[in-house]
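Next up, run30.pdb (PDB, C-alpha atoms):
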ATOM      1  CA  MET K  29     117.754 104.919  53.518
ATOM      2  CA  PRO K  30     114.937 104.620  50.959
ATOM      3  CA  LEU K  31     111.787 106.607  51.504
ATOM      4  CA  LYS K  32     108.958 104.203  52.229
ATOM      5  CA  ARG K  33     105.356 105.107  52.647
ATOM      6  CA  ASP K  34     102.805 102.741  54.057
ATOM      7  CA  GLY K  35      99.445 102.984  52.434
ATOM      8  CA  VAL K  36      96.811 101.336  50.367
ATOM      9  CA  LYS K  37      97.976  99.634  47.189
ATOM     10  CA  LEU K  38      95.498 100.625  44.509
ATOM     11  CA  PRO K  39      94.259  97.802  42.290
ATOM     12  CA  THR K  40      95.526  97.729  38.716
ATOM     13  CA  ILE K  41      94.004  96.028  35.705
ATOM     14  CA  ALA K  42      95.484  95.455  32.251
ATOM     15  CA  ILE K  43      93.150  96.005  29.305
ATOM     16  CA  GLU K  44      94.306  94.319  26.139
ATOM     17  CA  PHE K  45      93.270  93.195  22.697
ATOM     18  CA  ASN K  46      95.271  90.227  21.396
ATOM     19  CA  ALA K  47      95.373  88.260  18.151
ATOM     20  CA  VAL K  48      93.055  90.501  16.141
ATOM     21  CA  HIS K  49      93.326  92.427  12.881
ATOM     22  CA  LYS K  50      94.900  95.870  13.022
ATOM     23  CA  ASP K  51      91.715  97.588  11.817
ATOM     24  CA  GLU K  52      89.722  95.862  14.611
ATOM     25  CA  VAL K  53      92.112  97.195  17.227
ATOM     26  CA  GLU K  54      92.004 100.693  15.743
ATOM     27  CA  SER K  55      88.197 100.749  15.508
ATOM     28  CA  ALA K  56      87.838  99.637  19.133
ATOM     29  CA  VAL K  57      90.607 101.780  20.608
ATOM     30  CA  ARG K  58      90.527 105.034  18.609
ATOM     31  CA  PRO K  59      87.216 106.325  20.117
ATOM     32  CA  LEU K  60      88.554 105.569  23.604
ATOM     33  CA  ILE K  61      91.815 107.407  22.921
ATOM     34  CA  GLU K  62      90.045 110.411  21.404
ATOM     35  CA  ARG K  63      87.496 110.715  24.204
ATOM     36  CA  VAL K  64      89.459 109.775  27.323
ATOM     37  CA  GLY K  65      93.198 109.878  26.640
ATOM     38  CA  ASN K  66      95.489 109.644  29.657
ATOM     39  CA  THR K  67      93.599 112.228  31.704
ATOM     40  CA  GLY K  68      89.961 111.087  31.699
ATOM     41  CA  GLU K  69      88.636 108.327  33.932
ATOM     42  CA  VAL K  70      87.275 104.987  32.721
ATOM     43  CA  PHE K  71      84.987 102.588  34.595
ATOM     44  CA  VAL K  72      85.600  98.860  34.000
ATOM     45  CA  CYS K  73      83.569  96.075  35.586
ATOM     46  CA  THR K  74      84.866  92.620  34.669
ATOM     47  CA  ASP K  75      81.857  90.765  36.096
ATOM     48  CA  PRO K  76      78.729  92.710  37.137
ATOM     49  CA  THR K  77      77.076  89.723  38.853
ATOM     50  CA  PRO K  78      75.428  91.095  42.015
ATOM     51  CA  ASP K  79      77.267  89.455  44.884
ATOM     52  CA  VAL K  80      79.414  90.473  47.836
ATOM     53  CA  GLN K  81      82.691  90.632  45.859
ATOM     54  CA  ARG K  82      81.409  92.736  42.936
ATOM     55  CA  GLN K  83      83.299  95.840  44.066
ATOM     56  CA  ARG K  84      86.573  93.908  43.813
ATOM     57  CA  ARG K  85      85.869  93.401  40.101
ATOM     58  CA  CYS K  86      85.171  97.085  39.391
ATOM     59  CA  TYR K  87      87.870  99.598  38.506
ATOM     60  CA  TYR K  88      87.648 103.366  38.029
ATOM     61  CA  GLY K  89      90.644 105.469  37.109
ATOM     62  CA  THR K  90      92.927 106.806  34.434
ATOM     63  CA  LEU K  91      94.718 104.837  31.725
ATOM     64  CA  VAL K  92      98.499 104.547  32.075
ATOM     65  CA  GLY K  93     100.878 103.934  29.188
ATOM     66  CA  ASP K  94     101.191 104.643  25.479
ATOM     67  CA  LEU K  95      97.630 104.651  24.164
ATOM     68  CA  THR K  96      98.663 104.680  20.507
ATOM     69  CA  ALA K  97     101.013 101.670  20.573
ATOM     70  CA  ILE K  98      99.349  99.029  18.395
ATOM     71  CA  GLN K  99     101.949  96.301  18.079
ATOM     72  CA  ARG K 100     102.503  93.300  15.861
ATOM     73  CA  ARG K 101     102.086  90.013  17.747
ATOM     74  CA  ALA K 102     102.673  86.409  16.715
ATOM     75  CA  ALA K 103      98.973  85.756  16.081
ATOM     76  CA  GLY K 104      98.016  89.176  14.723
ATOM     77  CA  TRP K 105      97.990  92.660  16.194
ATOM     78  CA  GLY K 106      97.581  93.735  19.788
ATOM     79  CA  TRP K 107      97.115  96.699  22.093
ATOM     80  CA  GLN K 108      97.542  96.894  25.862
ATOM     81  CA  ILE K 109      97.085  99.569  28.483
ATOM     82  CA  ASN K 110      97.016  99.538  32.277
ATOM     83  CA  GLN K 111      94.501 101.216  34.533
ATOM     84  CA  VAL K 112      95.247 102.155  38.121
ATOM     85  CA  SER K 113      91.956 102.264  39.966
ATOM     86  CA  LEU K 114      91.061 105.107  42.294
ATOM     87  CA  ILE K 115      88.603 102.934  44.237
ATOM     88  CA  ARG K 116      89.275  99.860  46.349
TER
END
Could you write out this structure as structure tokens?
Amino acid sequence: MPLKRDGVKLPTIAIEFNAVHKDEVESAVRPLIERVGNTGEVFVCTDPTPDVQRQRRCYYGTLVGDLTAIQRRAAGWGWQINQVSLIR
């Protein structure tokens, strides 16, 4: 029997740069990687408009995945990371 645990599903957001030049990705991502890495927390607010649902558009947590993986895409270069939020 699988172990199941009921609980809150934490919101996750994907942060990505698509279809840009490799040097643009590196200049945007390298300071983030050097400062935060996979252990520091990042705050992301996708739309700071002051309304009732603003908290649902805000994420605070660590980055999950390979931070250094800048990959070739069809329209240029890209980088993607996921963030699991610690707040709901």
Where does the PyMOL selection byres ((chain K and resi 40) around 6) land in this file, that is, which residues does it pick, as an mmCIF file with C-alpha atoms, in the frame of the given file?
data_model
loop_
_atom_site.group_PDB
_atom_site.id
_atom_site.type_symbol
_atom_site.label_atom_id
_atom_site.label_comp_id
_atom_site.auth_asym_id
_atom_site.auth_seq_id
_atom_site.Cartn_x
_atom_site.Cartn_y
_atom_site.Cartn_z
ATOM 1 C CA PRO K 39 94.259 97.802 42.290
ATOM 2 C CA ILE K 41 94.004 96.028 35.705
ATOM 3 C CA GLN K 111 94.501 101.216 34.533
ATOM 4 C CA VAL K 112 95.247 102.155 38.121
ATOM 5 C CA SER K 113 91.956 102.264 39.966
#
Hits of the PyMOL selection byres ((chain K and resi 85) around 7) in this structure, as JSON, numbers by chain: {"K": [73, 74, 75, 82, 83, 84, 86, 87]}
Answer key for the PyMOL selection byres ((chain K and resi 97) around 12), residues as a PyMOL selection string: chain K and resi 44-45+50+53-54+57-58+61+93-96+98-100+105-109
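What separates atom CA of K:Pro59 from atom CA of K:Val92 is a distance of 16.5 Å.
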Edge lengths and centre, in Å to one decimal, as AutoDock Vina command-line options: that's what I need for the box along x, y and z that holds all listed atoms of stretch 64-67 of chain K plus 5 Å on each side.
--center_x 92.5 --center_y 110.9 --center_z 29.2 --size_x 16.0 --size_y 12.6 --size_z 15.1
How would stretch 72-115 of chain K look written as a short mmCIF file (atom, residue, chain, number, x, y, z; two decimals), in the first residue's frame with N, CA and C atoms?
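Generated file (part.cif):
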data_model
loop_
_atom_site.label_atom_id
_atom_site.label_comp_id
_atom_site.auth_asym_id
_atom_site.auth_seq_id
_atom_site.Cartn_x
_atom_site.Cartn_y
_atom_site.Cartn_z
N VAL K 72 8.92 36.08 -6.07
CA VAL K 72 8.44 36.41 -7.41
C VAL K 72 6.99 36.82 -7.30
N CYS K 73 6.66 37.99 -7.86
CA CYS K 73 5.28 38.44 -7.93
C CYS K 73 4.97 38.69 -9.40
N THR K 74 4.08 37.89 -9.98
CA THR K 74 3.81 37.99 -11.42
C THR K 74 2.95 39.18 -11.77
N ASP K 75 2.14 39.67 -10.83
CA ASP K 75 1.31 40.84 -11.07
C ASP K 75 1.03 41.52 -9.73
N PRO K 76 1.72 42.64 -9.43
CA PRO K 76 1.56 43.27 -8.12
C PRO K 76 0.34 44.17 -7.98
N THR K 77 -0.60 44.12 -8.91
CA THR K 77 -1.80 44.94 -8.82
C THR K 77 -2.51 44.69 -7.49
N PRO K 78 -2.80 45.74 -6.73
CA PRO K 78 -3.41 45.54 -5.41
C PRO K 78 -4.89 45.15 -5.52
N ASP K 79 -5.14 43.86 -5.45
CA ASP K 79 -6.51 43.38 -5.38
C ASP K 79 -6.56 42.15 -4.49
N VAL K 80 -7.72 41.55 -4.37
CA VAL K 80 -7.92 40.45 -3.42
C VAL K 80 -7.07 39.23 -3.76
N GLN K 81 -6.81 38.96 -5.02
CA GLN K 81 -6.09 37.76 -5.43
C GLN K 81 -4.57 37.95 -5.57
N ARG K 82 -4.04 39.06 -5.13
CA ARG K 82 -2.60 39.33 -5.31
C ARG K 82 -1.74 38.25 -4.67
N GLN K 83 -2.12 37.74 -3.51
CA GLN K 83 -1.30 36.73 -2.85
C GLN K 83 -1.19 35.46 -3.69
N ARG K 84 -2.19 35.16 -4.49
CA ARG K 84 -2.12 33.98 -5.35
C ARG K 84 -1.14 34.14 -6.51
N ARG K 85 -0.67 35.35 -6.73
CA ARG K 85 0.30 35.62 -7.80
C ARG K 85 1.70 35.87 -7.25
N CYS K 86 1.88 35.63 -5.94
CA CYS K 86 3.18 35.84 -5.31
C CYS K 86 3.73 34.49 -4.84
N TYR K 87 5.01 34.29 -5.08
CA TYR K 87 5.68 33.04 -4.75
C TYR K 87 6.97 33.37 -3.99
N TYR K 88 7.26 32.57 -2.96
CA TYR K 88 8.48 32.74 -2.19
C TYR K 88 9.01 31.36 -1.84
N GLY K 89 10.21 31.05 -2.32
CA GLY K 89 10.77 29.74 -2.03
C GLY K 89 12.08 29.53 -2.75
N THR K 90 12.55 28.31 -2.72
CA THR K 90 13.82 27.96 -3.32
C THR K 90 13.64 27.55 -4.78
N LEU K 91 14.72 27.64 -5.54
CA LEU K 91 14.72 27.22 -6.94
C LEU K 91 15.06 25.74 -7.01
N VAL K 92 14.37 25.01 -7.88
CA VAL K 92 14.54 23.57 -8.00
C VAL K 92 14.95 23.23 -9.42
N GLY K 93 16.04 22.50 -9.56
CA GLY K 93 16.50 22.07 -10.88
C GLY K 93 17.95 22.44 -11.11
N ASP K 94 18.40 22.24 -12.34
CA ASP K 94 19.78 22.53 -12.71
C ASP K 94 19.88 24.00 -13.12
N LEU K 95 20.45 24.82 -12.26
CA LEU K 95 20.52 26.25 -12.51
C LEU K 95 21.42 26.61 -13.68
N THR K 96 22.38 25.77 -14.00
CA THR K 96 23.37 26.12 -15.02
C THR K 96 23.01 25.63 -16.41
N ALA K 97 21.88 24.96 -16.58
CA ALA K 97 21.53 24.36 -17.86
C ALA K 97 20.93 25.38 -18.82
N ILE K 98 21.79 26.03 -19.61
CA ILE K 98 21.34 26.91 -20.68
C ILE K 98 21.32 26.06 -21.95
N GLN K 99 20.15 25.92 -22.54
CA GLN K 99 19.99 24.95 -23.62
C GLN K 99 19.65 25.62 -24.94
N ARG K 100 20.06 24.99 -26.01
CA ARG K 100 19.75 25.45 -27.36
C ARG K 100 18.29 25.13 -27.64
N ARG K 101 17.56 26.12 -28.13
CA ARG K 101 16.15 25.95 -28.52
C ARG K 101 16.01 26.26 -30.00
N ALA K 102 14.85 25.99 -30.55
CA ALA K 102 14.62 26.23 -31.98
C ALA K 102 14.78 27.70 -32.35
N ALA K 103 14.36 28.60 -31.49
CA ALA K 103 14.41 30.03 -31.81
C ALA K 103 15.52 30.77 -31.07
N GLY K 104 16.50 30.05 -30.57
CA GLY K 104 17.59 30.70 -29.85
C GLY K 104 18.05 29.84 -28.69
N TRP K 105 18.30 30.48 -27.57
CA TRP K 105 18.75 29.79 -26.36
C TRP K 105 17.69 29.94 -25.29
N GLY K 106 17.70 29.07 -24.30
CA GLY K 106 16.71 29.15 -23.25
C GLY K 106 17.21 28.62 -21.93
N TRP K 107 16.54 28.99 -20.88
CA TRP K 107 16.86 28.56 -19.52
C TRP K 107 15.55 28.45 -18.77
N GLN K 108 15.40 27.41 -17.96
CA GLN K 108 14.17 27.23 -17.19
C GLN K 108 14.51 26.64 -15.82
N ILE K 109 13.78 27.11 -14.85
CA ILE K 109 13.91 26.60 -13.48
C ILE K 109 12.51 26.62 -12.85
N ASN K 110 12.28 25.77 -11.88
CA ASN K 110 11.02 25.77 -11.16
C ASN K 110 11.24 26.30 -9.75
N GLN K 111 10.19 26.88 -9.21
CA GLN K 111 10.22 27.37 -7.84
C GLN K 111 9.01 26.82 -7.11
N VAL K 112 9.26 26.12 -6.01
CA VAL K 112 8.18 25.65 -5.16
C VAL K 112 8.02 26.67 -4.04
N SER K 113 6.85 27.27 -3.98
CA SER K 113 6.62 28.34 -3.03
C SER K 113 6.39 27.81 -1.63
N LEU K 114 6.86 28.54 -0.65
CA LEU K 114 6.65 28.17 0.75
C LEU K 114 5.41 28.83 1.32
N ILE K 115 4.81 29.76 0.56
CA ILE K 115 3.58 30.43 1.02
C ILE K 115 2.43 30.02 0.11
#
